[in-house]
Amino acid sequence: MSNQVKEIIRKTVLEMLGDSMSSGNIRKMAEKRAEKVHFAPIRYRIVGGILQGLNIKFGNFIEQLLRNIVEIDTGVQVMEDSGKKIKLFFTHETDALIDSYITERQLPNSPDDCSRLFSNLLDRILEIEHAATDDQRQGITKDVDGLFQTDDGLIVYTELKYNDDHDTGKFVDINRKCTCIASNVAKHQI
(Lines give C-alpha, C1' and ligand atoms only; values in the text may rest on other atoms or scores of the structure.)
Protein backbone atom coordinates (compact mmCIF):
# COMPACT_ATOMS: atom_id res chain seq x y z
CA MET A 1 0.00 0.00 0.00
CA SER A 2 1.46 3.35 -0.99
CA ASN A 3 2.17 6.02 1.60
CA GLN A 4 -0.29 8.29 -0.21
CA VAL A 5 -3.13 5.75 0.26
CA LYS A 6 -2.12 5.20 3.91
CA GLU A 7 -2.30 8.95 4.49
CA ILE A 8 -5.75 9.11 2.86
CA ILE A 9 -6.98 6.30 5.12
CA ARG A 10 -5.54 8.07 8.19
CA LYS A 11 -7.09 11.41 7.18
CA THR A 12 -10.49 9.82 6.50
CA VAL A 13 -10.52 7.97 9.86
CA LEU A 14 -9.55 11.12 11.74
CA GLU A 15 -12.32 13.09 10.01
CA MET A 16 -14.87 10.44 11.00
CA LEU A 17 -13.67 10.32 14.61
CA GLY A 18 -13.47 14.09 14.86
CA ASP A 19 -17.07 14.47 13.72
CA SER A 20 -18.32 11.80 16.12
CA MET A 21 -16.40 13.18 19.10
CA SER A 22 -17.06 16.85 18.39
CA SER A 23 -18.47 18.95 21.20
CA GLY A 24 -21.45 19.84 19.00
CA ASN A 25 -22.29 16.18 18.43
CA ILE A 26 -21.92 15.34 22.13
CA ARG A 27 -24.06 18.35 23.08
CA LYS A 28 -26.83 17.23 20.69
CA MET A 29 -26.74 13.72 22.14
CA ALA A 30 -26.86 15.05 25.71
CA GLU A 31 -29.86 17.29 24.91
CA LYS A 32 -31.72 14.45 23.19
CA ARG A 33 -31.02 11.96 25.98
CA ALA A 34 -31.75 14.41 28.82
CA GLU A 35 -35.41 14.48 27.78
CA LYS A 36 -35.85 10.74 28.39
CA VAL A 37 -36.05 8.93 31.71
CA HIS A 38 -33.66 5.98 31.64
CA PHE A 39 -32.05 3.63 34.17
CA ALA A 40 -28.54 4.13 32.67
CA PRO A 41 -26.68 7.34 33.44
CA ILE A 42 -26.64 9.84 30.60
CA ARG A 43 -22.85 9.67 30.16
CA TYR A 44 -23.06 5.94 29.35
CA ARG A 45 -25.89 6.55 26.91
CA ILE A 46 -23.83 9.25 25.19
CA VAL A 47 -20.83 6.91 24.87
CA GLY A 48 -23.18 4.23 23.53
CA GLY A 49 -24.56 6.75 21.04
CA ILE A 50 -21.07 7.67 19.88
CA LEU A 51 -20.15 3.99 19.40
CA GLN A 52 -23.42 3.28 17.58
CA GLY A 53 -22.80 6.31 15.38
CA LEU A 54 -19.26 5.17 14.60
CA ASN A 55 -20.54 1.73 13.63
CA ILE A 56 -23.03 3.29 11.22
CA LYS A 57 -20.47 5.80 9.95
CA PHE A 58 -18.02 3.05 9.09
CA GLY A 59 -20.07 2.34 5.95
CA ASN A 60 -19.86 6.03 5.09
CA PHE A 61 -16.14 5.86 5.86
CA ILE A 62 -15.63 3.18 3.21
CA GLU A 63 -17.60 5.27 0.72
CA GLN A 64 -15.60 8.42 1.52
CA LEU A 65 -12.33 6.50 1.44
CA LEU A 66 -13.15 5.18 -2.03
CA ARG A 67 -13.89 8.73 -3.21
CA ASN A 68 -10.64 10.04 -1.70
CA ILE A 69 -8.58 7.29 -3.34
CA VAL A 70 -10.26 7.82 -6.71
CA GLU A 71 -9.41 11.53 -6.48
CA ILE A 72 -5.68 10.74 -6.55
CA ASP A 73 -5.92 8.05 -9.27
CA THR A 74 -5.31 9.77 -12.58
CA GLY A 75 -6.55 6.68 -14.46
CA VAL A 76 -10.08 6.94 -13.03
CA GLN A 77 -12.65 9.68 -13.46
CA VAL A 78 -15.76 10.21 -11.34
CA MET A 79 -18.78 10.27 -13.65
CA GLU A 80 -21.49 12.93 -13.48
CA ASP A 81 -24.17 10.58 -12.07
CA SER A 82 -21.98 9.41 -9.18
CA GLY A 83 -23.86 9.55 -5.88
CA LYS A 84 -27.26 9.73 -7.60
CA LYS A 85 -30.07 7.37 -8.46
CA ILE A 86 -29.62 5.82 -11.89
CA LYS A 87 -31.60 3.34 -13.92
CA LEU A 88 -29.89 -0.02 -14.43
CA PHE A 89 -31.08 -2.43 -17.12
CA PHE A 90 -30.99 -6.23 -17.03
CA THR A 91 -33.18 -9.22 -17.94
CA HIS A 92 -35.70 -11.06 -15.76
CA GLU A 93 -33.40 -14.08 -16.04
CA THR A 94 -30.50 -12.09 -14.57
CA ASP A 95 -32.78 -10.80 -11.81
CA ALA A 96 -33.82 -14.38 -10.94
CA LEU A 97 -30.18 -15.51 -11.01
CA ILE A 98 -29.22 -12.74 -8.59
CA ASP A 99 -32.13 -13.64 -6.26
CA SER A 100 -31.03 -17.27 -6.28
CA TYR A 101 -27.41 -16.34 -5.58
CA ILE A 102 -28.41 -14.16 -2.60
CA THR A 103 -30.65 -16.88 -1.18
CA GLU A 104 -27.87 -19.48 -1.47
CA ARG A 105 -25.39 -17.19 0.32
CA GLN A 106 -27.69 -17.15 3.35
CA LEU A 107 -27.75 -20.93 3.74
CA PRO A 108 -25.66 -22.42 6.57
CA ASN A 109 -23.53 -24.43 4.13
CA SER A 110 -22.60 -21.41 2.00
CA PRO A 111 -18.80 -21.13 1.88
CA ASP A 112 -16.99 -18.22 3.56
CA ASP A 113 -14.98 -17.53 0.42
CA CYS A 114 -17.47 -16.92 -2.36
CA SER A 115 -14.95 -15.53 -4.86
CA ARG A 116 -15.33 -18.42 -7.29
CA LEU A 117 -19.12 -18.48 -6.94
CA PHE A 118 -19.33 -14.73 -7.49
CA SER A 119 -17.04 -14.96 -10.50
CA ASN A 120 -19.26 -17.72 -11.92
CA LEU A 121 -22.32 -15.55 -11.29
CA LEU A 122 -20.76 -12.65 -13.20
CA ASP A 123 -19.78 -14.97 -16.08
CA ARG A 124 -23.35 -16.28 -16.29
CA ILE A 125 -24.75 -12.74 -16.14
CA LEU A 126 -22.44 -11.77 -19.01
CA GLU A 127 -23.72 -14.72 -21.03
CA ILE A 128 -27.35 -13.82 -20.40
CA GLU A 129 -26.97 -10.09 -20.96
CA HIS A 130 -24.81 -10.51 -24.06
CA ALA A 131 -27.47 -12.72 -25.66
CA ALA A 132 -30.39 -10.47 -24.63
CA THR A 133 -31.99 -7.77 -26.69
CA ASP A 134 -32.84 -4.34 -25.29
CA ASP A 135 -36.56 -5.15 -25.15
CA GLN A 136 -35.81 -8.13 -22.87
CA ARG A 137 -34.24 -5.88 -20.24
CA GLN A 138 -36.09 -4.18 -17.42
CA GLY A 139 -35.06 -0.85 -15.94
CA ILE A 140 -34.72 -0.56 -12.18
CA THR A 141 -33.67 2.64 -10.40
CA LYS A 142 -30.87 2.17 -7.86
CA ASP A 143 -28.79 4.42 -5.62
CA VAL A 144 -25.19 4.40 -6.78
CA ASP A 145 -22.63 5.63 -4.24
CA GLY A 146 -19.87 5.85 -6.81
CA LEU A 147 -19.83 5.80 -10.59
CA PHE A 148 -16.37 5.79 -12.14
CA GLN A 149 -14.84 5.26 -15.55
CA THR A 150 -11.31 4.01 -16.13
CA ASP A 151 -9.09 5.26 -18.92
CA ASP A 152 -9.74 2.03 -20.82
CA GLY A 153 -13.53 2.65 -20.76
CA LEU A 154 -14.56 0.29 -17.96
CA ILE A 155 -17.53 1.70 -16.04
CA VAL A 156 -17.60 0.80 -12.34
CA TYR A 157 -20.77 1.15 -10.25
CA THR A 158 -20.41 0.96 -6.47
CA GLU A 159 -22.97 0.62 -3.72
CA LEU A 160 -21.27 0.28 -0.37
CA LYS A 161 -22.86 -0.96 2.83
CA TYR A 162 -21.34 -2.15 6.05
CA ASN A 163 -23.21 -4.01 8.77
CA ASP A 164 -26.56 -2.54 7.75
CA ASP A 165 -28.50 -5.66 8.69
CA HIS A 166 -30.28 -4.34 11.77
CA ASP A 167 -33.64 -3.96 10.00
CA THR A 168 -35.63 -6.95 8.76
CA GLY A 169 -34.94 -7.69 5.11
CA LYS A 170 -32.20 -5.08 4.72
CA PHE A 171 -29.31 -7.57 4.56
CA VAL A 172 -30.95 -9.49 1.73
CA ASP A 173 -32.01 -6.34 -0.10
CA ILE A 174 -28.57 -4.72 0.17
CA ASN A 175 -26.83 -7.83 -1.16
CA ARG A 176 -29.36 -8.08 -3.98
CA LYS A 177 -28.72 -4.41 -4.88
CA CYS A 178 -24.95 -4.90 -4.82
CA THR A 179 -25.22 -7.97 -7.04
CA CYS A 180 -27.51 -6.10 -9.47
CA ILE A 181 -24.93 -3.39 -9.71
CA ALA A 182 -22.19 -5.97 -10.21
CA SER A 183 -24.22 -7.42 -13.09
CA ASN A 184 -24.26 -4.01 -14.73
CA VAL A 185 -20.49 -3.73 -14.26
CA ALA A 186 -20.15 -7.06 -16.02
CA LYS A 187 -22.50 -5.94 -18.79
CA HIS A 188 -20.34 -2.90 -19.48
CA GLN A 189 -17.30 -5.12 -19.87
CA ILE A 190 -18.79 -6.81 -22.98
# chains A, B, ... in the order shown; residues from 1 in each chain; ligands from 1
>>> select_by_dssp(residues="range 31-165 of chain A", states="strand (DSSP E or B)", output="PyMOL selection string")
chain A and resi 76-78+85-91+137-143+146-150+155-158
>>> write_last_selection(atoms="N, CA, C and O atoms", output="CSV table (one decimal), in the first residue's frame")
chain,number,residue,atom,x,y,z
A,76,VAL,N,-8.7,7.1,-13.3
A,76,VAL,CA,-10.1,6.9,-13.0
A,76,VAL,C,-10.7,8.3,-12.9
A,76,VAL,O,-10.2,9.2,-12.2
A,77,GLN,N,-11.9,8.4,-13.5
A,77,GLN,CA,-12.6,9.7,-13.5
A,77,GLN,C,-14.0,9.4,-12.8
A,77,GLN,O,-14.7,8.4,-13.1
A,78,VAL,N,-14.4,10.3,-11.9
A,78,VAL,CA,-15.8,10.2,-11.3
A,78,VAL,C,-16.7,10.7,-12.4
A,78,VAL,O,-16.6,11.8,-13.0
A,85,LYS,N,-29.3,8.5,-8.0
A,85,LYS,CA,-30.1,7.4,-8.5
A,85,LYS,C,-30.0,7.3,-10.0
A,85,LYS,O,-30.1,8.3,-10.7
A,86,ILE,N,-29.7,6.0,-10.5
A,86,ILE,CA,-29.6,5.8,-11.9
A,86,ILE,C,-30.4,4.6,-12.2
A,86,ILE,O,-30.7,3.7,-11.4
A,87,LYS,N,-30.8,4.5,-13.5
A,87,LYS,CA,-31.6,3.3,-13.9
A,87,LYS,C,-30.6,2.3,-14.5
A,87,LYS,O,-29.8,2.6,-15.4
A,88,LEU,N,-30.7,1.1,-14.0
A,88,LEU,CA,-29.9,0.0,-14.4
A,88,LEU,C,-30.8,-1.0,-15.2
A,88,LEU,O,-32.0,-1.2,-14.8
A,89,PHE,N,-30.3,-1.6,-16.3
A,89,PHE,CA,-31.1,-2.4,-17.1
A,89,PHE,C,-30.5,-3.8,-17.1
A,89,PHE,O,-29.3,-4.0,-17.4
A,90,PHE,N,-31.4,-4.8,-16.9
A,90,PHE,CA,-31.0,-6.2,-17.0
A,90,PHE,C,-32.2,-7.1,-17.2
A,90,PHE,O,-33.4,-6.6,-17.0
A,91,THR,N,-32.1,-8.3,-17.6
A,91,THR,CA,-33.2,-9.2,-17.9
A,91,THR,C,-33.8,-9.8,-16.7
A,91,THR,O,-33.2,-9.8,-15.6
A,137,ARG,N,-34.8,-6.4,-21.5
A,137,ARG,CA,-34.2,-5.9,-20.2
A,137,ARG,C,-35.3,-5.0,-19.6
A,137,ARG,O,-36.0,-4.3,-20.2
A,138,GLN,N,-35.2,-5.0,-18.2
A,138,GLN,CA,-36.1,-4.2,-17.4
A,138,GLN,C,-35.2,-3.1,-16.8
A,138,GLN,O,-34.1,-3.3,-16.5
A,139,GLY,N,-35.8,-1.9,-16.6
A,139,GLY,CA,-35.1,-0.8,-15.9
A,139,GLY,C,-35.5,-0.7,-14.5
A,139,GLY,O,-36.6,-0.7,-14.2
A,140,ILE,N,-34.5,-0.7,-13.6
A,140,ILE,CA,-34.7,-0.6,-12.2
A,140,ILE,C,-33.8,0.6,-11.7
A,140,ILE,O,-32.6,0.6,-12.0
A,141,THR,N,-34.4,1.5,-10.9
A,141,THR,CA,-33.7,2.6,-10.4
A,141,THR,C,-33.0,2.2,-9.1
A,141,THR,O,-33.6,1.7,-8.2
A,142,LYS,N,-31.7,2.5,-9.0
A,142,LYS,CA,-30.9,2.2,-7.9
A,142,LYS,C,-30.0,3.4,-7.4
A,142,LYS,O,-29.6,4.2,-8.2
A,143,ASP,N,-29.8,3.4,-6.1
A,143,ASP,CA,-28.8,4.4,-5.6
A,143,ASP,C,-27.4,3.9,-6.0
A,143,ASP,O,-27.1,2.7,-5.8
A,146,GLY,N,-21.0,5.4,-6.0
A,146,GLY,CA,-19.9,5.9,-6.8
A,146,GLY,C,-20.0,5.3,-8.2
A,146,GLY,O,-20.4,4.2,-8.4
A,147,LEU,N,-19.8,6.2,-9.2
A,147,LEU,CA,-19.8,5.8,-10.6
A,147,LEU,C,-18.5,6.3,-11.2
A,147,LEU,O,-18.3,7.6,-11.3
A,148,PHE,N,-17.7,5.4,-11.7
A,148,PHE,CA,-16.4,5.8,-12.1
A,148,PHE,C,-16.1,5.2,-13.5
A,148,PHE,O,-16.7,4.2,-13.9
A,149,GLN,N,-15.3,5.8,-14.3
A,149,GLN,CA,-14.8,5.3,-15.5
A,149,GLN,C,-13.3,5.3,-15.6
A,149,GLN,O,-12.7,6.3,-15.3
A,150,THR,N,-12.8,4.1,-16.0
A,150,THR,CA,-11.3,4.0,-16.1
A,150,THR,C,-10.9,4.5,-17.5
A,150,THR,O,-11.7,4.7,-18.4
A,155,ILE,N,-16.7,0.9,-16.9
A,155,ILE,CA,-17.5,1.7,-16.0
A,155,ILE,C,-17.7,0.9,-14.8
A,155,ILE,O,-18.1,-0.3,-14.8
A,156,VAL,N,-17.5,1.5,-13.6
A,156,VAL,CA,-17.6,0.8,-12.3
A,156,VAL,C,-18.7,1.5,-11.5
A,156,VAL,O,-18.6,2.7,-11.2
A,157,TYR,N,-19.7,0.7,-11.1
A,157,TYR,CA,-20.8,1.2,-10.3
A,157,TYR,C,-20.5,0.6,-8.9
A,157,TYR,O,-20.1,-0.5,-8.7
A,158,THR,N,-20.6,1.4,-7.8
A,158,THR,CA,-20.4,1.0,-6.5
A,158,THR,C,-21.6,1.3,-5.6
A,158,THR,O,-22.1,2.4,-5.7
>>> select_by_dssp(residues="range 28-189 of chain A", states="alpha helix (DSSP H)", output="count of residues only")
88
>>> residues_around(residues="Glu15 in chain A", least_positions_apart="3", cutoff="12 Å", atoms="only C-alpha atoms", output="PyMOL selection string")
chain A and resi 8-12+18-22+54+57-58+60-61+64-65
>>> atom_distance(atom1="CA of Met79 in chain A", atom2="CA of Val5 in chain A")
21.4 Å
>>> closest_residue(among="A:Asp81, A:Glu31, A:Asp99, A:Asp152", to="Leu121 in chain A", atoms="only C-alpha atoms")
A:Asp99
>>> closest_residue(among="A:Ile69, A:Arg33, A:Ala132, A:Ile42", to="His92 in chain A", atoms="only C-alpha atoms")
A:Ala132
>>> closest_residue(among="A:Lys6, A:Leu51, A:Asp95, A:Pro108", to="Ile128 in chain A", atoms="only C-alpha atoms")
A:Asp95
>>> atom_distance(atom1="CA of Leu14 in chain A", atom2="CA of Thr74 in chain A")
24.7 Å
